[in-house]
Amino acid sequence: MLQLNSNNIKLNQSSNDKLSAITLIASDLTEKGFVENGYVDGMLDREDQNSTFLGNGIAIPHGTTDTRDLVKETGVAVHHFPNGVDWGDGNTAYIAIGIAAKSDEHLGILKQLTKVLSADGVEQKLKQAKSTNEIIALLNGDVQLEADFDASLIQLNFPASDMVQMAAVAGGLLKNTGGAGTEFVADLVTKSPTHLGKGLWLVSSNKAVTRTGMAFVSTNNQCELDGTPVHALIAFAACNNAHQSMLNTITEVVFKQEQKNLLSLSSEQVLGFFTGEGVASADASDGNVAQFKIKNAHGLHARPGAMLVAEAKKFECTIKVSNLNGDGQAVNAKSLMKVIALGVKHGHELKFSAEGPDAPQALKAIGSAIASGLGEG
């Protein structure tokens with residue numbers, strides 16, 4: 001795993017455009033002994049082929065495969081641009097991570113970085129960072145940016161007889177993650193939940209909480225609180241604002257009066273609803289599933305990854321992709337950050353599932369794009 005230190009980071013940099021920023025970063029990589037002098041040409045060529053902007057104010061300029069022989073040692077140079085750099089197409093980069101990689105080890109670097117940098121709110125935090133330690137903490141994942149929520153925090157159809165039991169189960173789930181203590185559970189069951197309408201309730205506590213997380217518990221029993229039906233309870237353990245995006249999702253559900261839709265979802269669907277992701281299932285609901293092997297010699301680095309995402313974005317349907325040689329987690333195939341974070345190497349098998357009116361056409365087009373080498377022949 002990449003270990004960042006203060007020597008990797010330069011604060012308060014400024015550049016008029018991305019080309020001058022890339023030249024500055026290439027010079028830094030050279031000075032650090034990671035690359036030979038000509039590596040800058042590869043970085044500029046790569047940028048000319050396809051933008052290295054990932055989103056959320058982050059760019060990852062790096063060289064082409066033709067300039068890998070100029071890499072002496074794998075390393076990075078992180079430049080902080082508090083005023084931003086125009087990276088083209090209306091995108092502004094506040095952090096540019098210059099990468100020098102001798103072979104496929106850069107995929108591990110990208111995977112580590114993108115999993116951190118894809119979190120909501122990270123752009124503003126990186127933009128406003130005042131020290132190298134702040135940036136290191138953010139890039140290393142030491143700062144919680146997203147609330148904990150996975151399959152272990154979902155309990156559907158629990159045979160509850162009252163709200164206290166619902167809260168106790170939700171509190172227990174959150175306690176089991178290690179982010180909340182016994183005092184949290186005791187406090188949660190004494191709270192007065194807020195009714196969000198149509199049997200959906202919300203409760204929270206910050207007592208003895210070390211990591212923010214959310215639990216979702218539902219019941220099919222005839223459960224009531226003060227004469228009002230109880231169908232599901234959303235519980236938060238909160239010690240920061242990492243759950244803000246989930247609160248926004250809940251607000252939208254209430255505003256659109258879609259509580260019943262939420263209550264009808266499976267565990268996997270509840271997870272995907274709040275996170276935008278999910279666990280790869282055996283089959284998509286409409287049967288549109290396909291597997292393809294990546295033939296690119298250096299896997300899905302920025303350029304072929306961008307080509308894959310561009311192909312997926314041509315279609316209206318929802319497309320998920322998982323790396324069967326990785327952790328099996330399904331991610332949005334239309335997000336470059338998410339796709340690169342899969343850490344796909346040569347020979348890895350990708351599983352795609354698509355849902356929507358043009359799903360069959362999407363999978364066929366993606367298969368053809370992968371077979372043609374995703375722009376690399």
# chains A, B, ... in the order shown; residues from 1 in each chain; ligands from 1
>>> select_by_dssp(residues="segment 117-301 of chain A", states="strand (DSSP E)", output="MDAnalysis selection string")
chainID A and resid 154:155 194:197 200:205 213:218 224:225 228:229 232:237 278:279 289:293
>>> write_last_selection(atoms="N, CA and C atoms", output="CSV table (one decimal), in the first residue's frame")
chain,number,residue,atom,x,y,z
A,154,ILE,N,-28.2,-3.9,8.0
A,154,ILE,CA,-29.6,-4.0,7.5
A,154,ILE,C,-30.3,-5.3,8.1
A,155,GLN,N,-31.4,-5.1,8.7
A,155,GLN,CA,-32.2,-6.2,9.3
A,155,GLN,C,-33.6,-6.1,8.8
A,194,THR,N,-38.6,10.1,15.3
A,194,THR,CA,-39.4,11.0,14.5
A,194,THR,C,-40.1,10.2,13.4
A,195,HIS,N,-41.4,10.4,13.3
A,195,HIS,CA,-42.2,9.7,12.2
A,195,HIS,C,-42.0,10.4,10.9
A,196,LEU,N,-41.5,9.7,9.9
A,196,LEU,CA,-41.3,10.3,8.6
A,196,LEU,C,-42.5,10.1,7.7
A,197,GLY,N,-43.5,9.4,8.2
A,197,GLY,CA,-44.7,9.2,7.3
A,197,GLY,C,-44.7,7.7,6.8
A,200,LEU,N,-42.5,4.9,8.4
A,200,LEU,CA,-41.0,5.0,8.4
A,200,LEU,C,-40.6,6.0,9.5
A,201,TRP,N,-39.7,5.5,10.4
A,201,TRP,CA,-39.3,6.3,11.5
A,201,TRP,C,-37.8,6.6,11.5
A,202,LEU,N,-37.4,7.6,12.2
A,202,LEU,CA,-35.9,8.0,12.3
A,202,LEU,C,-35.5,8.3,13.7
A,203,VAL,N,-34.4,7.8,14.1
A,203,VAL,CA,-33.9,8.0,15.5
A,203,VAL,C,-32.3,8.1,15.4
A,204,SER,N,-31.7,8.9,16.3
A,204,SER,CA,-30.3,9.0,16.3
A,204,SER,C,-29.7,9.3,17.7
A,205,SER,N,-28.4,9.0,17.9
A,205,SER,CA,-27.8,9.4,19.1
A,205,SER,C,-26.3,9.6,18.8
A,213,GLY,N,-22.5,6.0,11.5
A,213,GLY,CA,-23.0,4.9,10.7
A,213,GLY,C,-24.5,4.9,10.7
A,214,MET,N,-25.1,4.1,9.9
A,214,MET,CA,-26.6,4.1,9.8
A,214,MET,C,-27.0,2.6,9.8
A,215,ALA,N,-28.2,2.3,10.4
A,215,ALA,CA,-28.8,1.0,10.4
A,215,ALA,C,-30.2,1.1,9.9
A,216,PHE,N,-30.7,0.1,9.3
A,216,PHE,CA,-32.0,0.1,8.7
A,216,PHE,C,-32.7,-1.2,9.2
A,217,VAL,N,-33.8,-1.1,9.9
A,217,VAL,CA,-34.5,-2.3,10.5
A,217,VAL,C,-36.0,-2.2,10.1
A,218,SER,N,-36.5,-3.3,9.6
A,218,SER,CA,-37.9,-3.3,9.2
A,218,SER,C,-38.6,-4.4,9.9
A,224,GLU,N,-46.8,-0.7,16.5
A,224,GLU,CA,-47.3,0.7,16.6
A,224,GLU,C,-46.5,1.4,17.6
A,225,LEU,N,-46.5,2.8,17.5
A,225,LEU,CA,-46.0,3.7,18.5
A,225,LEU,C,-47.0,4.8,18.6
A,228,THR,N,-49.5,4.9,15.9
A,228,THR,CA,-49.0,5.1,14.6
A,228,THR,C,-48.3,3.9,14.1
A,229,PRO,N,-48.5,3.3,12.9
A,229,PRO,CA,-47.8,2.1,12.5
A,229,PRO,C,-46.3,2.3,12.4
A,232,ALA,N,-40.6,0.5,9.6
A,232,ALA,CA,-39.2,0.5,9.5
A,232,ALA,C,-38.6,1.6,10.3
A,233,LEU,N,-37.4,1.4,10.8
A,233,LEU,CA,-36.7,2.4,11.6
A,233,LEU,C,-35.3,2.6,11.0
A,234,ILE,N,-35.0,3.9,10.8
A,234,ILE,CA,-33.6,4.2,10.4
A,234,ILE,C,-32.9,4.8,11.6
A,235,ALA,N,-31.8,4.3,12.0
A,235,ALA,CA,-31.1,4.8,13.1
A,235,ALA,C,-29.7,5.2,12.8
A,236,PHE,N,-29.3,6.4,13.3
A,236,PHE,CA,-27.9,6.9,13.1
A,236,PHE,C,-27.1,6.9,14.4
A,237,ALA,N,-25.9,6.5,14.2
A,237,ALA,CA,-24.9,6.8,15.3
A,237,ALA,C,-24.0,7.9,14.7
A,278,GLY,N,-23.9,-1.6,-4.6
A,278,GLY,CA,-24.6,-2.8,-4.1
A,278,GLY,C,-23.6,-4.0,-4.3
A,279,VAL,N,-24.1,-5.1,-3.9
A,279,VAL,CA,-23.3,-6.4,-4.1
A,279,VAL,C,-23.7,-7.0,-5.3
A,289,VAL,N,-27.2,-9.7,-17.9
A,289,VAL,CA,-25.9,-9.9,-17.3
A,289,VAL,C,-24.9,-10.4,-18.3
A,290,ALA,N,-23.7,-9.9,-18.2
A,290,ALA,CA,-22.7,-10.4,-19.1
A,290,ALA,C,-21.3,-10.3,-18.4
A,291,GLN,N,-20.4,-11.3,-18.8
A,291,GLN,CA,-19.0,-11.3,-18.3
A,291,GLN,C,-18.0,-11.1,-19.4
A,292,PHE,N,-17.0,-10.3,-19.2
A,292,PHE,CA,-16.0,-10.0,-20.2
A,292,PHE,C,-14.6,-10.0,-19.5
A,293,LYS,N,-13.6,-10.6,-20.3
A,293,LYS,CA,-12.3,-10.6,-19.8
A,293,LYS,C,-11.5,-9.4,-20.3
>>> closest_residue(among="A:His298, A:Lys130, A:His231, A:Arg211", to="Met166 of chain A", atoms="only C-alpha atoms")
A:His231
>>> closest_residue(among="A:Val270, A:Ala93, A:Ala208, A:Ala306", to="Ala59 of chain A", atoms="only C-alpha atoms")
A:Ala93
>>> atom_distance(atom1="atom CA of Thr212 of chain A", atom2="atom CA of Asp148 of chain A")
6.3 Å
>>> atom_distance(atom1="atom CA of Ile22 of chain A", atom2="atom CA of Met337 of chain A")
19.9 Å
>>> residues_around(residues="segment 26-42 of chain A", least_positions_apart="2", cutoff="8 Å", atoms="only C-alpha atoms", output="CSV table (one decimal) with N, CA, C and O atoms, in the first residue's frame")
chain,number,residue,atom,x,y,z
A,22,ILE,N,1.0,20.1,-15.1
A,22,ILE,CA,1.6,18.8,-15.3
A,22,ILE,C,3.1,18.9,-15.5
A,22,ILE,O,3.8,18.1,-14.9
A,23,THR,N,3.6,19.9,-16.1
A,23,THR,CA,5.0,20.2,-16.3
A,23,THR,C,5.7,20.4,-14.9
A,23,THR,O,6.8,19.8,-14.6
A,24,LEU,N,5.0,21.1,-14.0
A,24,LEU,CA,5.5,21.3,-12.7
A,24,LEU,C,5.6,20.0,-11.9
A,24,LEU,O,6.5,19.8,-11.2
A,44,LEU,N,2.3,14.6,-20.8
A,44,LEU,CA,1.6,15.5,-21.7
A,44,LEU,C,0.9,14.8,-22.8
A,44,LEU,O,-0.3,15.1,-23.2
A,45,ASP,N,1.5,13.7,-23.3
A,45,ASP,CA,0.9,12.9,-24.4
A,45,ASP,C,-0.4,12.2,-23.8
A,45,ASP,O,-1.4,12.1,-24.5
A,46,ARG,N,-0.2,11.7,-22.6
A,46,ARG,CA,-1.4,11.0,-22.0
A,46,ARG,C,-2.5,11.9,-21.8
A,46,ARG,O,-3.7,11.6,-22.1
A,62,HIS,N,-0.3,11.2,-15.4
A,62,HIS,CA,0.7,10.1,-15.5
A,62,HIS,C,1.1,9.9,-16.9
A,62,HIS,O,0.6,10.4,-17.8
A,63,GLY,N,2.2,9.1,-17.0
A,63,GLY,CA,2.8,8.9,-18.4
A,63,GLY,C,2.1,7.8,-19.2
A,63,GLY,O,1.2,7.2,-18.7
A,64,THR,N,2.6,7.7,-20.4
A,64,THR,CA,2.1,6.6,-21.3
A,64,THR,C,2.9,5.4,-21.1
A,64,THR,O,3.9,5.4,-20.5
A,66,ASP,N,4.6,4.0,-23.3
A,66,ASP,CA,5.8,4.2,-24.1
A,66,ASP,C,6.9,4.8,-23.2
A,66,ASP,O,8.1,4.8,-23.6
A,67,THR,N,6.5,5.5,-22.2
A,67,THR,CA,7.5,6.2,-21.3
A,67,THR,C,7.8,5.5,-20.0
A,67,THR,O,8.4,6.0,-19.1
A,70,LEU,N,11.2,5.1,-18.6
A,70,LEU,CA,11.8,6.3,-18.0
A,70,LEU,C,11.5,6.4,-16.5
A,70,LEU,O,12.0,7.3,-15.8
A,71,VAL,N,10.7,5.4,-16.0
A,71,VAL,CA,10.4,5.4,-14.6
A,71,VAL,C,11.5,4.6,-13.8
A,71,VAL,O,11.7,3.4,-14.1
A,72,LYS,N,12.1,5.2,-12.9
A,72,LYS,CA,13.2,4.6,-12.1
A,72,LYS,C,12.6,3.9,-10.9
A,72,LYS,O,13.2,2.9,-10.4
A,73,GLU,N,11.6,4.5,-10.3
A,73,GLU,CA,11.0,4.0,-9.1
A,73,GLU,C,9.5,4.4,-9.0
A,73,GLU,O,9.3,5.6,-9.3
A,74,THR,N,8.6,3.5,-8.6
A,74,THR,CA,7.2,3.9,-8.5
A,74,THR,C,7.1,4.9,-7.4
A,74,THR,O,7.6,4.8,-6.3
A,75,GLY,N,6.4,6.0,-7.7
A,75,GLY,CA,6.1,7.0,-6.6
A,75,GLY,C,5.1,8.0,-7.1
A,75,GLY,O,4.6,8.0,-8.2
A,76,VAL,N,4.8,9.0,-6.2
A,76,VAL,CA,3.8,10.0,-6.5
A,76,VAL,C,4.3,11.4,-6.1
A,76,VAL,O,5.1,11.5,-5.2
A,77,ALA,N,3.7,12.4,-6.7
A,77,ALA,CA,3.9,13.8,-6.3
A,77,ALA,C,2.5,14.4,-6.2
A,77,ALA,O,1.8,14.5,-7.3
A,98,GLY,N,0.5,13.3,-9.4
A,98,GLY,CA,1.3,12.8,-10.4
A,98,GLY,C,1.8,11.4,-10.1
A,98,GLY,O,2.3,11.2,-9.0
A,100,ALA,N,4.1,8.0,-11.1
A,100,ALA,CA,5.2,7.3,-11.9
A,100,ALA,C,5.1,5.9,-11.5
A,100,ALA,O,5.2,5.5,-10.3
>>> residues_around(residues="Thr210 of chain A", least_positions_apart="5", cutoff="9 Å", atoms="only C-alpha atoms", output="list in words")
Gly178, Gly179, Ala180, Gly181, Ala237, Ala238 and Cys239 of chain A
>>> write_last_selection(atoms="all heavy atoms", output="short mmCIF file (atom, residue, chain, number, x, y, z; two decimals), in the first residue's frame")
data_model
loop_
_atom_site.label_atom_id
_atom_site.label_comp_id
_atom_site.auth_asym_id
_atom_site.auth_seq_id
_atom_site.Cartn_x
_atom_site.Cartn_y
_atom_site.Cartn_z
N GLY A 178 -18.28 -1.70 15.83
CA GLY A 178 -17.17 -1.16 16.60
C GLY A 178 -17.15 0.35 16.64
O GLY A 178 -16.28 0.95 17.26
N GLY A 179 -18.15 0.98 15.99
CA GLY A 179 -18.19 2.44 15.94
C GLY A 179 -19.03 3.07 17.04
O GLY A 179 -19.11 4.30 17.13
N ALA A 180 -19.67 2.25 17.86
CA ALA A 180 -20.51 2.76 18.94
C ALA A 180 -20.43 1.80 20.13
O ALA A 180 -20.21 0.60 19.95
CB ALA A 180 -21.96 2.93 18.48
N GLY A 181 -20.63 2.35 21.32
CA GLY A 181 -20.52 1.53 22.52
C GLY A 181 -21.86 1.16 23.11
O GLY A 181 -22.92 1.49 22.58
N ALA A 237 -25.87 6.52 14.25
CA ALA A 237 -24.86 6.78 15.27
C ALA A 237 -24.01 7.89 14.66
O ALA A 237 -23.39 7.70 13.62
CB ALA A 237 -24.01 5.54 15.53
N ALA A 238 -24.01 9.07 15.27
CA ALA A 238 -23.40 10.23 14.63
C ALA A 238 -22.34 10.89 15.51
O ALA A 238 -22.60 11.20 16.67
CB ALA A 238 -24.47 11.25 14.26
N CYS A 239 -21.15 11.09 14.94
CA CYS A 239 -20.10 11.84 15.62
C CYS A 239 -19.46 12.88 14.70
O CYS A 239 -18.54 13.58 15.08
CB CYS A 239 -19.03 10.90 16.19
SG CYS A 239 -18.13 9.97 14.93
#
>>> closest_residue(among="A:Ile136, A:Ile370, A:Ala96, A:Ala333", to="Gly299 of chain A", atoms="only C-alpha atoms")
A:Ile370
>>> select_by_dssp(residues="segment 169-370 of chain A", states="alpha helix (DSSP H)", output="PyMOL selection string")
chain A and resi 169-176+182-188+244-255+259-263+267-275+302-312+336-340+359-370
>>> closest_residue(among="A:Gly305, A:Gly55, A:Gly375, A:Gly171", to="Val339 of chain A", atoms="only C-alpha atoms")
A:Gly305
>>> atom_distance(atom1="atom CA of Leu350 of chain A", atom2="atom CA of Asn323 of chain A")
4.8 Å
>>> residues_around(residues="Gly367 of chain A", least_positions_apart="5", cutoff="12 Å", atoms="only C-alpha atoms", output="VMD selection string")
chain A and resid 289 to 295 308 311 to 312 349 to 352 360 to 362 372 to 374
>>> write_last_selection(atoms="N, CA, C and O atoms", output="short mmCIF file (atom, residue, chain, number, x, y, z; two decimals), in the first residue's frame")
data_model
loop_
_atom_site.label_atom_id
_atom_site.label_comp_id
_atom_site.auth_asym_id
_atom_site.auth_seq_id
_atom_site.Cartn_x
_atom_site.Cartn_y
_atom_site.Cartn_z
N VAL A 289 -27.22 -9.72 -17.94
CA VAL A 289 -25.94 -9.89 -17.26
C VAL A 289 -24.94 -10.44 -18.27
O VAL A 289 -25.28 -11.27 -19.12
N ALA A 290 -23.69 -9.94 -18.18
CA ALA A 290 -22.66 -10.43 -19.09
C ALA A 290 -21.30 -10.35 -18.42
O ALA A 290 -21.09 -9.50 -17.54
N GLN A 291 -20.39 -11.25 -18.81
CA GLN A 291 -19.04 -11.25 -18.28
C GLN A 291 -18.04 -11.09 -19.42
O GLN A 291 -18.20 -11.70 -20.48
N PHE A 292 -17.01 -10.27 -19.19
CA PHE A 292 -16.00 -10.03 -20.20
C PHE A 292 -14.61 -10.04 -19.54
O PHE A 292 -14.45 -9.56 -18.42
N LYS A 293 -13.63 -10.57 -20.26
CA LYS A 293 -12.25 -10.59 -19.77
C LYS A 293 -11.50 -9.39 -20.34
O LYS A 293 -11.58 -9.10 -21.53
N ILE A 294 -10.76 -8.71 -19.45
CA ILE A 294 -9.98 -7.55 -19.88
C ILE A 294 -8.67 -8.01 -20.52
O ILE A 294 -7.88 -8.74 -19.90
N LYS A 295 -8.45 -7.59 -21.76
CA LYS A 295 -7.28 -8.01 -22.52
C LYS A 295 -6.15 -6.99 -22.47
O LYS A 295 -5.03 -7.29 -22.88
N LEU A 308 -14.19 2.83 -21.31
CA LEU A 308 -15.27 1.95 -20.84
C LEU A 308 -16.42 2.78 -20.29
O LEU A 308 -17.60 2.53 -20.60
N GLU A 311 -18.39 4.54 -22.97
CA GLU A 311 -19.29 3.62 -23.68
C GLU A 311 -20.56 3.40 -22.86
O GLU A 311 -21.67 3.41 -23.38
N ALA A 312 -20.40 3.22 -21.55
CA ALA A 312 -21.55 3.00 -20.67
C ALA A 312 -22.47 4.21 -20.63
O ALA A 312 -23.70 4.07 -20.57
N GLU A 349 -11.72 -10.82 -14.89
CA GLU A 349 -13.08 -10.97 -15.43
C GLU A 349 -14.00 -9.92 -14.80
O GLU A 349 -14.08 -9.82 -13.57
N LEU A 350 -14.70 -9.18 -15.66
CA LEU A 350 -15.66 -8.20 -15.18
C LEU A 350 -17.08 -8.69 -15.44
O LEU A 350 -17.38 -9.23 -16.51
N LYS A 351 -17.93 -8.51 -14.44
CA LYS A 351 -19.34 -8.88 -14.59
C LYS A 351 -20.19 -7.63 -14.65
O LYS A 351 -20.12 -6.78 -13.75
N PHE A 352 -20.98 -7.49 -15.70
CA PHE A 352 -21.85 -6.33 -15.89
C PHE A 352 -23.30 -6.76 -15.74
O PHE A 352 -23.70 -7.82 -16.24
N PRO A 360 -29.90 -4.54 -23.10
CA PRO A 360 -29.23 -5.50 -23.98
C PRO A 360 -28.24 -4.83 -24.92
O PRO A 360 -27.13 -5.33 -25.14
N GLN A 361 -28.64 -3.68 -25.46
CA GLN A 361 -27.76 -2.95 -26.39
C GLN A 361 -26.51 -2.45 -25.67
O GLN A 361 -25.40 -2.46 -26.23
N ALA A 362 -26.68 -2.03 -24.42
CA ALA A 362 -25.55 -1.52 -23.63
C ALA A 362 -24.51 -2.60 -23.41
O ALA A 362 -23.31 -2.38 -23.59
N SER A 372 -12.30 -4.86 -28.42
CA SER A 372 -11.47 -4.05 -29.31
C SER A 372 -10.30 -3.40 -28.57
O SER A 372 -9.50 -2.71 -29.20
N GLY A 373 -10.24 -3.58 -27.27
CA GLY A 373 -9.08 -3.08 -26.52
C GLY A 373 -9.26 -1.74 -25.85
O GLY A 373 -8.32 -1.17 -25.32
N LEU A 374 -10.49 -1.21 -25.86
CA LEU A 374 -10.77 0.05 -25.18
C LEU A 374 -9.79 1.16 -25.55
O LEU A 374 -9.20 1.84 -24.72
#
>>> closest_residue(among="A:Leu126, A:Leu153, A:Ala167, A:Leu54", to="Asn91 of chain A", atoms="only C-alpha atoms")
A:Leu54
>>> decode(residues="segment 162-174 of chain A", atoms="N, CA and C atoms", output="tab-separated table (two decimals), in the first residue's frame")
chain	number	residue	atom	x	y	z
A	162	ASP	N	-42.55	-3.87	19.50
A	162	ASP	CA	-42.66	-2.43	19.78
A	162	ASP	C	-41.42	-1.70	19.28
A	163	MET	N	-41.45	-0.38	19.39
A	163	MET	CA	-40.36	0.45	18.90
A	163	MET	C	-39.07	0.23	19.68
A	164	VAL	N	-39.18	-0.06	20.96
A	164	VAL	CA	-37.99	-0.29	21.78
A	164	VAL	C	-37.16	-1.44	21.20
A	165	GLN	N	-37.85	-2.50	20.81
A	165	GLN	CA	-37.14	-3.63	20.22
A	165	GLN	C	-36.48	-3.24	18.89
A	166	MET	N	-37.19	-2.47	18.11
A	166	MET	CA	-36.64	-2.00	16.83
A	166	MET	C	-35.36	-1.20	17.07
A	167	ALA	N	-35.43	-0.28	18.04
A	167	ALA	CA	-34.27	0.57	18.34
A	167	ALA	C	-33.12	-0.26	18.91
A	168	ALA	N	-33.45	-1.25	19.73
A	168	ALA	CA	-32.42	-2.10	20.32
A	168	ALA	C	-31.68	-2.89	19.24
A	169	VAL	N	-32.43	-3.40	18.26
A	169	VAL	CA	-31.81	-4.15	17.16
A	169	VAL	C	-30.92	-3.23	16.34
A	170	ALA	N	-31.44	-2.06	15.99
A	170	ALA	CA	-30.65	-1.10	15.20
A	170	ALA	C	-29.39	-0.69	15.95
A	171	GLY	N	-29.54	-0.42	17.24
A	171	GLY	CA	-28.40	-0.03	18.05
A	171	GLY	C	-27.37	-1.15	18.15
A	172	GLY	N	-27.86	-2.38	18.27
A	172	GLY	CA	-26.96	-3.52	18.33
A	172	GLY	C	-26.17	-3.70	17.05
A	173	LEU	N	-26.82	-3.50	15.92
A	173	LEU	CA	-26.12	-3.60	14.64
A	173	LEU	C	-25.00	-2.59	14.55
A	174	LEU	N	-25.28	-1.36	14.97
A	174	LEU	CA	-24.27	-0.30	14.93
A	174	LEU	C	-23.15	-0.56	15.94
